[in-house]
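Enquirer: The following block contains the structure, expressed as structure tokens.
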Amino acid sequence: MSLAHKQSSYEWSHLVKDVSDVISKITGNVMTEKQYPMIESRMKKRCLDLRLDSAAAYKSYWTKNAEEENKHLTGLLTTHFTSFFREFSHFEWIGQQLPSIIANAKSEGRKVLKIWSSASSKGQEVWSLCMWLAQHVPKIDPTMDFMVIGSDIDSVSVKEGENGVYHRRELETAPLHLWQGHWVRGKGEISDWYKVKTELRKKAKFQTMNLLSLTMPKEEKFDVILCRNVLIYFDKENQEKIVKSLLKHLTAEGALITGMSESLNGLGLGVRGVAPSIYKLQEAKVMPLPTQSKPSEFNLSFPAPLKVLCVDDSPTIIAILKKILKAPEYEIIGTAKDGLEAIEKLKTLKPDAITLDIHMPNMDGPTFLKESGVASRLPVVIVSSVGREHSSLISPLMGMGVTDFVEKPSLENINQISEELKQKLKMSWFAKNKSSGPSRIQMTSEPVRQRAPGFVALNFGAGDVDHVKQVISQQKWNKDELRFIFNGSSSELERIRPLFNSSLQLAKSVSFICSNEYYSSSSGTALFLHFKGGDTSFTRRYLRTEDFLYLEDSQYTESFLRERANDITPSTSFAYLIDKSLGG
């Protein structure tokens, strides 16, 4: 290592330490050495944005602009992951307790429920609460209103939350019938963005606030305070300080909700747990509902377990779904590899809900819906490789009674998709059985966008010809470079080649080789499609780190490829994976 490199490394390490010390002092967030790589990465990105070429240059800039830059660093290093309806069980609890919460508010002479999201980040939690309360409060007491306050230490995040504009990929992970009707979709260049409607916007207020020095007026009391997934960044002393301050703003029967991984047990704070990570004051007593109320008219409860039939031709996806939908909340009571088998299973099985793939052999998802009519009586959630952007494919299914849509889970995104799928299954069941939402939901269709051209290598054998034809027939291949690698003899390849020609007229270039022939790699990133009969030694030999690899779902594929694969999916979904991977 050169002296110059050592000096550069030393300077960055000092800058990271200085930044972490200052931010820890300002925010109380404990910045340990575990966070140092993250801090260094974000600081280097900050230097690029400021066009500064070294840690020393940034330190000089920081010294001259300390007050303003500290605000920026606070947001840069304390904004944590969040999403709409994250940790859905807390929303379930609020929904189940709403009759009691409303009764408590009315006993105090109030006509407005008040909820505080005390670490609201970019506003997803605030708007989730607003959507949730708008869905349920009027059903219990139409005379009762609600207000949600959002606060965060980062003023930039507060402004984003207040603005109420989110990309469709973020909003559409929420249960469909909860958010439809509350957001306006942009047009033209901003068609991928949604903005919250005025009616819901009136229900929320945002402000910048440090949890270590709350500026909330002393007289402000809340029925529910959420402080989720932020306490873990503070030491024990500051955790106690924050919680004690928040408890002062609870109503007598109010509840404080922390993150699922955060516990207040053992801190001696005078609270008692009433549900996982939900606490009330020790002396709180749940008041009985007024005699004129009829709580049976509002019952946010679900079958336990929720019985699910999973229809998908991919053994890998079925295995992942079995990991997600487990007891005690869920039970997969049957699986089917296509629509025909699903129709037979429905003759004996009585599921509460169905997950359904779109593209399957023998009978696909849309045909199954038409033939069975099952979506008219059971909630059906589409689980497919088709991206959310393919509304021309998804919209007709919504019109047939499908209740929601989830992009296919993979080993890489299983945690994210797990929470989305479970909440959508529950709320789909509730919508169907409690008439809490429209039975048929229409999605706004949009123009199909052309994807960026790319380099695609298809590695296949003689037994895969029909699957390869199916994949290439679903694409236009405008200006793509395609390489067909055949695991067989040259004479066999000459016989097979004409079968593909009709689907390849618009491609930039097309070539066919046998897997034992010379192969020239692409200059850019390549997408490898490895079918079941493909030559694994070829893929092992030519696959580069920057390339993408998709495998046809097969128990015979060797472990090296399964571990290296970006995704494993049946051939019926390959065309859509290509489209998404190449930027469509």
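Each chain in the structure tokens gets a letter, A, B and so on, in the order shown; residues start at 1 in every chain, and ligands are counted from 1 in the order they appear.
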Extract, using only C-alpha atoms, all DNA, RNA and protein residues at most 7 Å from segment 529-536 of chain A, discarding same-chain residues fewer than 5 positions from it, and format them as a PDB file with N, CA and C atoms, in the first residue's frame.

Expert:
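Below is the file that was written, part.pdb:
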```pdb
ATOM      1  N   ALA A 457     -28.426 -14.341 -23.756  1.00  0.00           N
ATOM      2  CA  ALA A 457     -27.910 -15.655 -24.134  1.00  0.00           C
ATOM      3  C   ALA A 457     -28.866 -16.728 -23.624  1.00  0.00           C
ATOM      4  N   LEU A 458     -29.345 -17.583 -24.533  1.00  0.00           N
ATOM      5  CA  LEU A 458     -30.271 -18.649 -24.166  1.00  0.00           C
ATOM      6  C   LEU A 458     -29.547 -19.980 -24.278  1.00  0.00           C
ATOM      7  N   ASN A 459     -29.359 -20.649 -23.156  1.00  0.00           N
ATOM      8  CA  ASN A 459     -28.631 -21.913 -23.085  1.00  0.00           C
ATOM      9  C   ASN A 459     -29.661 -23.032 -22.921  1.00  0.00           C
ATOM     10  N   PHE A 460     -29.811 -23.887 -23.941  1.00  0.00           N
ATOM     11  CA  PHE A 460     -30.902 -24.850 -23.902  1.00  0.00           C
ATOM     12  C   PHE A 460     -30.510 -26.169 -24.558  1.00  0.00           C
ATOM     13  N   GLY A 461     -31.360 -27.196 -24.366  1.00  0.00           N
ATOM     14  CA  GLY A 461     -31.159 -28.499 -24.976  1.00  0.00           C
ATOM     15  C   GLY A 461     -32.323 -28.848 -25.880  1.00  0.00           C
ATOM     16  N   GLY A 463     -34.723 -30.890 -25.563  1.00  0.00           N
ATOM     17  CA  GLY A 463     -36.006 -31.013 -24.877  1.00  0.00           C
ATOM     18  C   GLY A 463     -36.629 -29.694 -24.475  1.00  0.00           C
ATOM     19  N   ASP A 464     -35.884 -28.595 -24.681  1.00  0.00           N
ATOM     20  CA  ASP A 464     -36.362 -27.277 -24.243  1.00  0.00           C
ATOM     21  C   ASP A 464     -36.935 -26.445 -25.384  1.00  0.00           C
ATOM     22  N   ASN A 487     -27.144 -27.241 -26.472  1.00  0.00           N
ATOM     23  CA  ASN A 487     -26.439 -28.366 -25.853  1.00  0.00           C
ATOM     24  C   ASN A 487     -26.757 -29.626 -26.661  1.00  0.00           C
ATOM     25  N   SER A 515     -22.796 -25.627 -27.703  1.00  0.00           N
ATOM     26  CA  SER A 515     -22.149 -25.236 -26.442  1.00  0.00           C
ATOM     27  C   SER A 515     -20.669 -25.587 -26.392  1.00  0.00           C
ATOM     28  N   LEU A 549     -28.233 -14.068 -14.214  1.00  0.00           N
ATOM     29  CA  LEU A 549     -28.525 -15.467 -14.542  1.00  0.00           C
ATOM     30  C   LEU A 549     -29.902 -15.833 -14.031  1.00  0.00           C
ATOM     31  N   TYR A 550     -30.754 -16.326 -14.944  1.00  0.00           N
ATOM     32  CA  TYR A 550     -32.069 -16.839 -14.568  1.00  0.00           C
ATOM     33  C   TYR A 550     -32.157 -18.305 -14.968  1.00  0.00           C
ATOM     34  N   LEU A 551     -32.633 -19.110 -14.041  1.00  0.00           N
ATOM     35  CA  LEU A 551     -32.724 -20.549 -14.263  1.00  0.00           C
ATOM     36  C   LEU A 551     -34.165 -20.975 -14.448  1.00  0.00           C
ATOM     37  N   GLU A 552     -34.363 -21.887 -15.401  1.00  0.00           N
ATOM     38  CA  GLU A 552     -35.659 -22.542 -15.451  1.00  0.00           C
ATOM     39  C   GLU A 552     -35.771 -23.416 -14.211  1.00  0.00           C
ATOM     40  N   SER A 554     -35.953 -26.180 -11.877  1.00  0.00           N
ATOM     41  CA  SER A 554     -35.730 -27.610 -12.042  1.00  0.00           C
ATOM     42  C   SER A 554     -34.954 -28.148 -10.859  1.00  0.00           C
ATOM     43  N   THR A 557     -31.083 -28.911 -11.612  1.00  0.00           N
ATOM     44  CA  THR A 557     -30.045 -27.905 -11.819  1.00  0.00           C
ATOM     45  C   THR A 557     -29.004 -27.970 -10.704  1.00  0.00           C
TER      46      THR A 557
END
```

Enquirer: Write out, as a Markdown table, each residue of segment 66-99 of chain A that has an atom at most 10 Å from segment 299-306 of chain A, together with the closest pair of atoms and their distance in Å to one decimal, counting only C-alpha atoms, rows going by chain and rising number.

Expert:
```
| residue | atom | partner | partner_atom | distance |
| --- | --- | --- | --- | --- |
| A:Glu92 | CA | A:Leu300 | CA | 7.4 |
| A:Trp93 | CA | A:Leu300 | CA | 8.9 |
| A:Ile94 | CA | A:Leu300 | CA | 9.7 |
| A:Gly95 | CA | A:Leu300 | CA | 6.4 |
| A:Gln96 | CA | A:Leu300 | CA | 5.4 |
| A:Gln97 | CA | A:Leu300 | CA | 9.0 |
| A:Leu98 | CA | A:Leu300 | CA | 9.5 |
| A:Pro99 | CA | A:Asn299 | CA | 9.4 |
```

Enquirer: Could the residues in this selection be saved with C-alpha atoms as an mmCIF file, in the first residue's frame?

Expert:
```
data_model
loop_
_atom_site.group_PDB
_atom_site.id
_atom_site.type_symbol
_atom_site.label_atom_id
_atom_site.label_comp_id
_atom_site.auth_asym_id
_atom_site.auth_seq_id
_atom_site.Cartn_x
_atom_site.Cartn_y
_atom_site.Cartn_z
ATOM 1 C CA GLU A 92 -54.641 -4.798 13.148
ATOM 2 C CA TRP A 93 -54.475 -4.044 16.875
ATOM 3 C CA ILE A 94 -55.488 -0.408 16.359
ATOM 4 C CA GLY A 95 -58.375 -1.548 14.176
ATOM 5 C CA GLN A 96 -59.581 -4.093 16.728
ATOM 6 C CA GLN A 97 -59.346 -1.539 19.541
ATOM 7 C CA LEU A 98 -60.995 1.340 17.659
ATOM 8 C CA PRO A 99 -64.449 0.874 19.270
#
```

Enquirer: Leaving out Met31 of chain A and any residue of its chain fewer than 5 positions from it, which residues lie within 10 Å of it when counting only C-alpha atoms, given as a ChimeraX atom specification?

Expert: /A:17,19-25,36,39,77-78,233-234

Enquirer: Determine which residues of segment 324-485 of chain A receive a DSSP assignment of strand (DSSP E or B), computed from the backbone, and state them as a PyMOL selection string.

Expert: chain A and resi 330-336+353-356+380-384+404-407+455-461+481-485

Enquirer: Restricting the calculation to only C-alpha atoms: of A:Arg42, A:Lys241, A:Arg228, A:Lys106, which residue gets closest to Thr74 of chain A?

Expert: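 Going through A:Arg42, A:Lys241, A:Arg228, A:Lys106 one by one, the smallest distance to Thr74 of chain A is for A:Arg42.
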
Enquirer: Give the alpha helix (DSSP H) residues of segment 90-273 of chain A, as assigned by DSSP on the backbone, as a PyMOL selection string.

Expert: chain A and resi 90-107+124-140+155-163+168-171+176-179+198-201+236-247

Enquirer: Using only C-alpha atoms for the distances, tell me which of A:Ala55, A:Ser376, A:Glu546, A:Ser89 is nearest to His14 of chain A.

Expert: A:Ala55

Enquirer: With a distance cut-off of 8 Å and only C-alpha atoms, select the neighbouring residues of Ser314 of chain A, excluding the residue or stretch itself and same-chain residues fewer than 3 positions from it, and output the selection as a PDB file with N, CA and C atoms, in the first residue's frame.

Expert:
```pdb
ATOM      1  N   ILE A 317     -41.226 -21.398  -6.023  1.00  0.00           N
ATOM      2  CA  ILE A 317     -42.154 -20.408  -5.470  1.00  0.00           C
ATOM      3  C   ILE A 317     -43.057 -21.054  -4.430  1.00  0.00           C
ATOM      4  N   ILE A 318     -43.521 -22.256  -4.690  1.00  0.00           N
ATOM      5  CA  ILE A 318     -44.344 -22.959  -3.698  1.00  0.00           C
ATOM      6  C   ILE A 318     -43.563 -23.151  -2.405  1.00  0.00           C
ATOM      7  N   LYS A 337     -50.418 -26.970  -9.669  1.00  0.00           N
ATOM      8  CA  LYS A 337     -49.411 -26.498 -10.619  1.00  0.00           C
ATOM      9  C   LYS A 337     -49.997 -25.759 -11.813  1.00  0.00           C
ATOM     10  N   ASP A 553     -36.880 -23.337 -13.534  1.00  0.00           N
ATOM     11  CA  ASP A 553     -37.076 -24.067 -12.282  1.00  0.00           C
ATOM     12  C   ASP A 553     -36.929 -25.563 -12.519  1.00  0.00           C
ATOM     13  N   THR A 569     -37.107 -19.502 -11.872  1.00  0.00           N
ATOM     14  CA  THR A 569     -38.516 -19.354 -12.225  1.00  0.00           C
ATOM     15  C   THR A 569     -38.872 -20.302 -13.355  1.00  0.00           C
ATOM     16  N   PRO A 570     -40.142 -20.684 -13.469  1.00  0.00           N
ATOM     17  CA  PRO A 570     -40.539 -21.518 -14.615  1.00  0.00           C
ATOM     18  C   PRO A 570     -40.408 -20.744 -15.916  1.00  0.00           C
TER      19      PRO A 570
END
```

Enquirer: Looking at only C-alpha atoms, which of A:Trp12, A:Asp145, A:Asp235, A:Ile153 is the one that sits closest to Pro37 of chain A?

Expert: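 The shortest atom-to-atom distance to Pro37 of chain A comes from A:Trp12.
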
Enquirer: I want to know what sits within 12 Å of Arg110 of chain A, based on only C-alpha atoms, with residues of the same chain fewer than 2 positions away left out; could you give that as a ChimeraX atom specification?

Expert: /A:101-108,112-114,143-146,221-223,251

Enquirer: Using only C-alpha atoms, pick whichever of A:Glu419, A:Asp312, A:Asp338, A:Glu219 has the shortest atom-to-atom distance to Leu325 of chain A.

Expert: A:Glu419

Enquirer: Rounded to one decimal in Å, what is the spacing between atom CA of Val381 of chain A and atom CA of Phe368 of chain A?

Expert: 13.3 Å

Enquirer: List the spatial neighbours of segment 494-504 of chain A as a PyMOL selection string - criterion: any atom at most 8 Å away, only C-alpha atoms, same-chain residues fewer than 2 positions off excluded.

Expert: chain A and resi 465+469+472-473+475-477+490-492+506-507+510+512
